[in-house]
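Here is entry-v6.cif, consisting of mmCIF, C-alpha atoms, pLDDT in the B column; chains and numbers go by the auth columns:
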data_run
loop_
_atom_site.group_PDB
_atom_site.id
_atom_site.type_symbol
_atom_site.label_atom_id
_atom_site.label_comp_id
_atom_site.label_asym_id
_atom_site.label_seq_id
_atom_site.Cartn_x
_atom_site.Cartn_y
_atom_site.Cartn_z
_atom_site.B_iso_or_equiv
_atom_site.auth_seq_id
_atom_site.auth_asym_id
ATOM 1 C CA MET A 1 78.383 125.190 76.699 51.00 201 A
ATOM 2 C CA THR A 2 75.620 122.963 75.480 56.00 202 A
ATOM 3 C CA ARG A 3 74.428 119.871 77.334 55.00 203 A
ATOM 4 C CA ALA A 4 75.914 117.676 74.611 55.00 204 A
ATOM 5 C CA ALA A 5 79.311 119.345 75.018 50.00 205 A
ATOM 6 C CA LEU A 6 79.192 118.879 78.798 44.00 206 A
ATOM 7 C CA ARG A 7 78.232 115.185 78.409 53.00 207 A
ATOM 8 C CA SER A 8 81.204 114.634 76.098 52.00 208 A
ATOM 9 C CA LEU A 9 83.550 116.006 78.778 48.00 209 A
ATOM 10 C CA ARG A 10 82.366 113.680 81.536 53.00 210 A
ATOM 11 C CA PRO A 11 84.253 110.518 80.429 50.00 211 A
ATOM 12 C CA SER A 12 87.456 112.521 79.990 46.00 212 A
ATOM 13 C CA ALA A 13 87.042 114.187 83.377 44.00 213 A
ATOM 14 C CA THR A 14 86.360 110.832 85.030 40.00 214 A
ATOM 15 C CA ILE A 15 89.444 109.232 83.486 41.00 215 A
ATOM 16 C CA PHE A 16 91.596 112.231 84.470 41.00 216 A
ATOM 17 C CA THR A 17 90.321 112.090 88.047 39.00 217 A
ATOM 18 C CA LEU A 18 90.961 108.336 88.364 40.00 218 A
ATOM 19 C CA VAL A 19 94.481 108.609 86.942 41.00 219 A
ATOM 20 C CA HIS A 20 95.228 111.539 89.245 43.00 220 A
ATOM 21 C CA LEU A 21 93.946 109.728 92.332 43.00 221 A
ATOM 22 C CA ALA A 22 95.882 106.562 91.471 47.00 222 A
ATOM 23 C CA GLY A 23 99.139 108.480 91.903 48.00 223 A
ATOM 24 C CA CYS A 24 98.313 109.978 95.281 52.00 224 A
ATOM 25 C CA GLY A 25 100.061 107.382 97.412 52.00 225 A
ATOM 26 C CA HIS A 26 98.981 104.497 99.579 53.00 226 A
ATOM 27 C CA GLU A 27 96.347 104.369 102.247 56.00 227 A
ATOM 28 C CA GLY A 28 97.355 103.887 105.874 59.00 228 A
ATOM 29 C CA ASN A 29 97.348 100.079 106.135 67.00 229 A
ATOM 30 C CA TYR A 30 99.009 99.289 102.797 65.00 230 A
ATOM 31 C CA GLN A 31 102.123 97.168 103.319 75.00 231 A
ATOM 32 C CA PRO A 32 103.972 96.352 100.093 85.00 232 A
ATOM 33 C CA ARG A 33 105.387 92.866 99.740 91.00 233 A
ATOM 34 C CA VAL A 34 108.393 92.072 97.587 94.00 234 A
ATOM 35 C CA HIS A 35 108.041 88.713 95.846 94.00 235 A
ATOM 36 C CA ALA A 36 110.881 86.454 97.061 95.00 236 A
ATOM 37 C CA GLY A 37 112.451 89.273 99.098 96.00 237 A
ATOM 38 C CA ASP A 38 113.771 88.795 102.629 97.00 238 A
ATOM 39 C CA ALA A 39 114.199 91.797 104.931 96.00 239 A
ATOM 40 C CA ILE A 40 116.723 90.029 107.169 96.00 240 A
ATOM 41 C CA ARG A 41 118.972 89.277 104.215 98.00 241 A
ATOM 42 C CA GLY A 42 118.284 92.812 102.956 97.00 242 A
ATOM 43 C CA GLU A 43 119.875 94.359 106.029 97.00 243 A
ATOM 44 C CA ALA A 44 123.033 92.312 105.414 97.00 244 A
ATOM 45 C CA VAL A 45 123.080 93.236 101.702 98.00 245 A
ATOM 46 C CA ILE A 46 122.675 96.938 102.546 98.00 246 A
ATOM 47 C CA ALA A 47 125.664 96.695 104.896 97.00 247 A
ATOM 48 C CA ARG A 48 127.762 94.675 102.406 97.00 248 A
ATOM 49 C CA LEU A 49 127.093 97.061 99.507 98.00 249 A
ATOM 50 C CA GLU A 50 127.690 100.068 101.791 97.00 250 A
ATOM 51 C CA CYS A 51 124.395 101.781 100.922 97.00 251 A
ATOM 52 C CA GLY A 52 124.802 103.693 104.186 97.00 252 A
ATOM 53 C CA ALA A 53 127.712 105.641 102.706 97.00 253 A
ATOM 54 C CA CYS A 54 125.062 107.762 100.945 97.00 254 A
ATOM 55 C CA HIS A 55 121.839 107.083 102.881 97.00 255 A
ATOM 56 C CA VAL A 56 120.612 107.152 106.466 97.00 256 A
ATOM 57 C CA ILE A 57 118.903 103.779 106.903 96.00 257 A
ATOM 58 C CA ALA A 58 117.203 102.988 110.200 93.00 258 A
ATOM 59 C CA GLY A 59 118.432 99.804 111.826 93.00 259 A
ATOM 60 C CA VAL A 60 121.590 99.496 109.713 94.00 260 A
ATOM 61 C CA PRO A 61 124.756 100.224 111.703 93.00 261 A
ATOM 62 C CA GLY A 62 126.902 102.859 110.038 93.00 262 A
ATOM 63 C CA ALA A 63 124.201 103.921 107.558 95.00 263 A
ATOM 64 C CA VAL A 64 124.590 107.637 108.190 96.00 264 A
ATOM 65 C CA GLY A 65 125.319 109.127 104.748 97.00 265 A
ATOM 66 C CA HIS A 66 123.725 112.361 103.617 95.00 266 A
ATOM 67 C CA THR A 67 124.296 112.314 99.848 95.00 267 A
ATOM 68 C CA GLY A 68 121.052 110.453 99.158 96.00 268 A
ATOM 69 C CA PRO A 69 117.707 110.716 100.955 95.00 269 A
ATOM 70 C CA LYS A 70 116.902 109.079 104.269 96.00 270 A
ATOM 71 C CA LEU A 71 115.283 105.724 103.572 96.00 271 A
ATOM 72 C CA ASP A 72 112.951 105.492 106.562 94.00 272 A
ATOM 73 C CA ALA A 73 109.184 104.824 106.283 93.00 273 A
ATOM 74 C CA TYR A 74 109.658 103.822 102.655 94.00 274 A
ATOM 75 C CA ALA A 75 106.314 102.038 102.351 94.00 275 A
ATOM 76 C CA ALA A 76 104.505 105.316 103.038 93.00 276 A
ATOM 77 C CA ARG A 77 106.227 107.191 100.215 94.00 277 A
ATOM 78 C CA PRO A 78 104.194 107.781 97.080 95.00 278 A
ATOM 79 C CA TYR A 79 107.149 107.632 94.679 96.00 279 A
ATOM 80 C CA VAL A 80 110.443 105.880 93.972 97.00 280 A
ATOM 81 C CA ALA A 81 113.111 108.406 92.949 95.00 281 A
ATOM 82 C CA GLY A 82 110.498 111.136 93.124 94.00 282 A
ATOM 83 C CA LYS A 83 108.810 110.085 89.882 95.00 283 A
ATOM 84 C CA PHE A 84 107.726 106.429 89.729 97.00 284 A
ATOM 85 C CA PRO A 85 104.808 104.884 91.664 97.00 285 A
ATOM 86 C CA ASN A 86 106.129 103.256 94.821 97.00 286 A
ATOM 87 C CA GLU A 87 105.376 99.626 94.052 97.00 287 A
ATOM 88 C CA PRO A 88 107.614 96.646 94.908 97.00 288 A
ATOM 89 C CA GLU A 89 108.671 95.703 91.361 97.00 289 A
ATOM 90 C CA THR A 90 109.383 99.344 90.514 98.00 290 A
ATOM 91 C CA LEU A 91 111.592 99.715 93.587 98.00 291 A
ATOM 92 C CA VAL A 92 113.455 96.494 92.752 98.00 292 A
ATOM 93 C CA ARG A 93 114.110 97.708 89.179 98.00 293 A
ATOM 94 C CA PHE A 94 115.321 101.076 90.465 98.00 294 A
ATOM 95 C CA ILE A 95 117.674 99.500 93.019 98.00 295 A
ATOM 96 C CA LEU A 96 119.131 97.252 90.298 98.00 296 A
ATOM 97 C CA ASP A 97 119.898 100.053 87.834 98.00 297 A
ATOM 98 C CA PRO A 98 118.942 103.578 88.944 98.00 298 A
ATOM 99 C CA PRO A 99 120.427 105.424 85.918 98.00 299 A
ATOM 100 C CA ALA A 100 118.404 103.259 83.512 98.00 300 A
ATOM 101 C CA MET A 101 115.184 104.571 85.070 97.00 301 A
ATOM 102 C CA ALA A 102 116.308 108.066 86.076 97.00 302 A
ATOM 103 C CA PRO A 103 119.310 109.105 83.970 97.00 303 A
ATOM 104 C CA LEU A 104 119.971 112.244 86.038 96.00 304 A
ATOM 105 C CA THR A 105 120.057 110.430 89.382 96.00 305 A
ATOM 106 C CA ALA A 106 123.205 110.594 91.484 95.00 306 A
ATOM 107 C CA MET A 107 122.638 106.982 92.557 97.00 307 A
ATOM 108 C CA PRO A 108 125.022 104.654 90.729 97.00 308 A
ATOM 109 C CA ALA A 109 124.276 101.219 89.354 97.00 309 A
ATOM 110 C CA VAL A 110 125.890 99.087 92.051 97.00 310 A
ATOM 111 C CA PRO A 111 126.710 95.534 90.917 98.00 311 A
ATOM 112 C CA MET A 112 124.250 93.169 92.621 98.00 312 A
ATOM 113 C CA THR A 113 121.959 90.269 91.887 98.00 313 A
ATOM 114 C CA ASP A 114 118.217 90.446 91.399 98.00 314 A
ATOM 115 C CA GLN A 115 117.918 88.647 94.753 98.00 315 A
ATOM 116 C CA ASP A 116 120.045 91.337 96.441 98.00 316 A
ATOM 117 C CA ALA A 117 117.728 94.049 95.070 98.00 317 A
ATOM 118 C CA ARG A 118 114.632 92.125 96.213 98.00 318 A
ATOM 119 C CA ASP A 119 116.074 91.708 99.687 98.00 319 A
ATOM 120 C CA ILE A 120 117.009 95.414 99.923 98.00 320 A
ATOM 121 C CA ALA A 121 113.490 96.397 98.825 98.00 321 A
ATOM 122 C CA ALA A 122 111.970 94.017 101.389 97.00 322 A
ATOM 123 C CA TYR A 123 114.108 95.649 104.093 97.00 323 A
ATOM 124 C CA LEU A 124 113.075 99.151 103.038 97.00 324 A
ATOM 125 C CA TYR A 125 109.377 98.184 103.111 96.00 325 A
ATOM 126 C CA LYS A 126 109.501 96.442 106.484 93.00 326 A
ATOM 127 C CA GLU A 127 107.589 98.006 109.329 73.00 327 A
ATOM 128 C CA THR A 128 109.870 99.740 111.791 58.00 328 A
#
Would you mind writing the file out in C-alpha cells?
Amino acid sequence: MTRAALRSLRPSATIFTLVHLAGCGHEGNYQPRVHAGDAIRGEAVIARLECGACHVIAGVPGAVGHTGPKLDAYAARPYVAGKFPNEPETLVRFILDPPAMAPLTAMPAVPMTDQDARDIAAYLYKET
C-alpha cells in the first residue's frame, strides 16, 4: 500500500478503535446513578412485582428464581440484556418494557410506573 492509502485508513481505524473501546464496560470505580431512583424503594418494588420469581436478587427475600439471570453486581456488567450499553437510562427503559427493546427476550413487560423502574434500577446498581 502507498503512504497516501495508509494515511486515509488512519481516521477510520481511530474511529473503529474508539467505538470498540467505548463498549468494553466500566472501569473499577464507576458507580451508575439513576436520576430520581431510590434503592430502598426499589427493594420494595422488586418484592411487590415478584421479580424474584425469575431472578436471584441479593438482599431481596424470596428472590431465588432461575428463569432469568442472577442480578448481582449489576453495575459491573457491560450490557443490559446482553446487547445494550449498561447505562442507567437504558436499564430503566429495559425494565419498563423489555420486549420493546429485545423482542426475543423471555422477560415480560410487567405493568409498573416509570418511578418503579427507576427505583428497581437504583437497587440493582447499589453497592452490595
Note to self: On this structure, the PyMOL selection byres ((chain A and resi 310) around 12) would catch which residues? List them as a PyMOL selection string, sorted by chain and number.
What the structure shows: chain A and resi 245-246+248-251+294-299+306-309+311-314+316-317
Item checked: Explicit residue set for the PyMOL selection byres ((chain A and resi 324) around 9), as a VMD selection string -> chain A and resid 239 242 to 243 257 271 to 275 319 to 323 325 to 327
Target residues per the PyMOL selection byres ((chain A and resi 236) around 8), formatted as a PDB file with C-alpha atoms, in the coordinates of the input:
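That gives us out04.pdb:
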ATOM      1  CA  VAL A 234     108.393  92.072  97.587  1.00 94.00           C
ATOM      2  CA  HIS A 235     108.041  88.713  95.846  1.00 94.00           C
ATOM      3  CA  GLY A 237     112.451  89.273  99.098  1.00 96.00           C
ATOM      4  CA  ASP A 238     113.771  88.795 102.629  1.00 97.00           C
ATOM      5  CA  GLN A 315     117.918  88.647  94.753  1.00 98.00           C
ATOM      6  CA  ARG A 318     114.632  92.125  96.213  1.00 98.00           C
ATOM      7  CA  ASP A 319     116.074  91.708  99.687  1.00 98.00           C
TER       8      ASP A 319
END
Check: To one decimal place, how far is CA of Val264 in chain A from CA of Pro303 in chain A in Å?
Finding: 24.8 Å
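You will find CA of Met301 in chain A at 28.6 Å from CA of Pro261 in chain A.
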Notebook entry, point to check: Rounded to one decimal in Å, what is the spacing between CA of His255 in chain A and CA of Thr305 in chain A?
Noted result: 14.0 Å
Check: Quick one: of A:Ala281, A:Val256, A:Ile240, A:Ala247, who's nearest to Ala302 in chain A, counting all atoms listed in the file?
Finding: A:Ala281
Can you patch up range 250-270 of chain A, filling it in to N, CA and C atoms, and show the result as a PDB file, in the coordinates of the input?
ATOM      1  N   GLU A 250     127.385  98.743 101.217  1.00 97.00           N
ATOM      2  CA  GLU A 250     127.690 100.068 101.791  1.00 97.00           C
ATOM      3  C   GLU A 250     126.711 101.154 101.328  1.00 97.00           C
ATOM      4  N   CYS A 251     125.428 100.809 101.289  1.00 97.00           N
ATOM      5  CA  CYS A 251     124.395 101.781 100.922  1.00 97.00           C
ATOM      6  C   CYS A 251     124.366 102.944 101.911  1.00 97.00           C
ATOM      7  N   GLY A 252     124.779 102.676 103.140  1.00 97.00           N
ATOM      8  CA  GLY A 252     124.802 103.693 104.186  1.00 97.00           C
ATOM      9  C   GLY A 252     125.869 104.753 103.996  1.00 97.00           C
ATOM     10  N   ALA A 253     126.743 104.586 103.005  1.00 97.00           N
ATOM     11  CA  ALA A 253     127.712 105.641 102.706  1.00 97.00           C
ATOM     12  C   ALA A 253     126.993 106.871 102.152  1.00 97.00           C
ATOM     13  N   CYS A 254     125.831 106.654 101.530  1.00 97.00           N
ATOM     14  CA  CYS A 254     125.062 107.762 100.945  1.00 97.00           C
ATOM     15  C   CYS A 254     123.719 108.005 101.627  1.00 97.00           C
ATOM     16  N   HIS A 255     123.185 106.983 102.308  1.00 97.00           N
ATOM     17  CA  HIS A 255     121.839 107.083 102.881  1.00 97.00           C
ATOM     18  C   HIS A 255     121.856 106.847 104.386  1.00 97.00           C
ATOM     19  N   VAL A 256     120.932 107.498 105.088  1.00 97.00           N
ATOM     20  CA  VAL A 256     120.612 107.152 106.466  1.00 97.00           C
ATOM     21  C   VAL A 256     119.548 106.060 106.365  1.00 97.00           C
ATOM     22  N   ILE A 257     119.828 104.910 106.979  1.00 96.00           N
ATOM     23  CA  ILE A 257     118.903 103.779 106.903  1.00 96.00           C
ATOM     24  C   ILE A 257     118.711 103.240 108.316  1.00 96.00           C
ATOM     25  N   ALA A 258     117.514 103.417 108.842  1.00 93.00           N
ATOM     26  CA  ALA A 258     117.203 102.988 110.200  1.00 93.00           C
ATOM     27  C   ALA A 258     117.501 101.508 110.385  1.00 93.00           C
ATOM     28  N   GLY A 259     118.155 101.190 111.482  1.00 93.00           N
ATOM     29  CA  GLY A 259     118.432  99.804 111.826  1.00 93.00           C
ATOM     30  C   GLY A 259     119.686  99.232 111.211  1.00 93.00           C
ATOM     31  N   VAL A 260     120.364  99.982 110.343  1.00 94.00           N
ATOM     32  CA  VAL A 260     121.590  99.496 109.713  1.00 94.00           C
ATOM     33  C   VAL A 260     122.771 100.248 110.315  1.00 94.00           C
ATOM     34  N   PRO A 261     123.607  99.557 111.087  1.00 93.00           N
ATOM     35  CA  PRO A 261     124.756 100.224 111.703  1.00 93.00           C
ATOM     36  C   PRO A 261     125.644 100.904 110.657  1.00 93.00           C
ATOM     37  N   GLY A 262     126.015 102.123 110.924  1.00 93.00           N
ATOM     38  CA  GLY A 262     126.902 102.859 110.038  1.00 93.00           C
ATOM     39  C   GLY A 262     126.226 103.501 108.843  1.00 93.00           C
ATOM     40  N   ALA A 263     124.922 103.326 108.695  1.00 95.00           N
ATOM     41  CA  ALA A 263     124.201 103.921 107.558  1.00 95.00           C
ATOM     42  C   ALA A 263     123.808 105.346 107.921  1.00 95.00           C
ATOM     43  N   VAL A 264     124.779 106.255 107.747  1.00 96.00           N
ATOM     44  CA  VAL A 264     124.590 107.637 108.190  1.00 96.00           C
ATOM     45  C   VAL A 264     124.924 108.654 107.098  1.00 96.00           C
ATOM     46  N   GLY A 265     124.967 108.225 105.847  1.00 97.00           N
ATOM     47  CA  GLY A 265     125.319 109.127 104.748  1.00 97.00           C
ATOM     48  C   GLY A 265     124.252 110.172 104.492  1.00 97.00           C
ATOM     49  N   HIS A 266     124.667 111.272 103.885  1.00 95.00           N
ATOM     50  CA  HIS A 266     123.725 112.361 103.617  1.00 95.00           C
ATOM     51  C   HIS A 266     123.698 112.779 102.155  1.00 95.00           C
ATOM     52  N   THR A 267     124.332 112.003 101.281  1.00 95.00           N
ATOM     53  CA  THR A 267     124.296 112.314  99.848  1.00 95.00           C
ATOM     54  C   THR A 267     122.918 112.008  99.281  1.00 95.00           C
ATOM     55  N   GLY A 268     122.380 110.852  99.615  1.00 96.00           N
ATOM     56  CA  GLY A 268     121.052 110.453  99.158  1.00 96.00           C
ATOM     57  C   GLY A 268     120.030 110.696 100.256  1.00 96.00           C
ATOM     58  N   PRO A 269     118.758 110.485  99.948  1.00 95.00           N
ATOM     59  CA  PRO A 269     117.707 110.716 100.955  1.00 95.00           C
ATOM     60  C   PRO A 269     117.721 109.669 102.057  1.00 95.00           C
ATOM     61  N   LYS A 270     117.129 110.042 103.190  1.00 96.00           N
ATOM     62  CA  LYS A 270     116.902 109.079 104.269  1.00 96.00           C
ATOM     63  C   LYS A 270     115.915 108.040 103.735  1.00 96.00           C
TER      64      LYS A 270
END
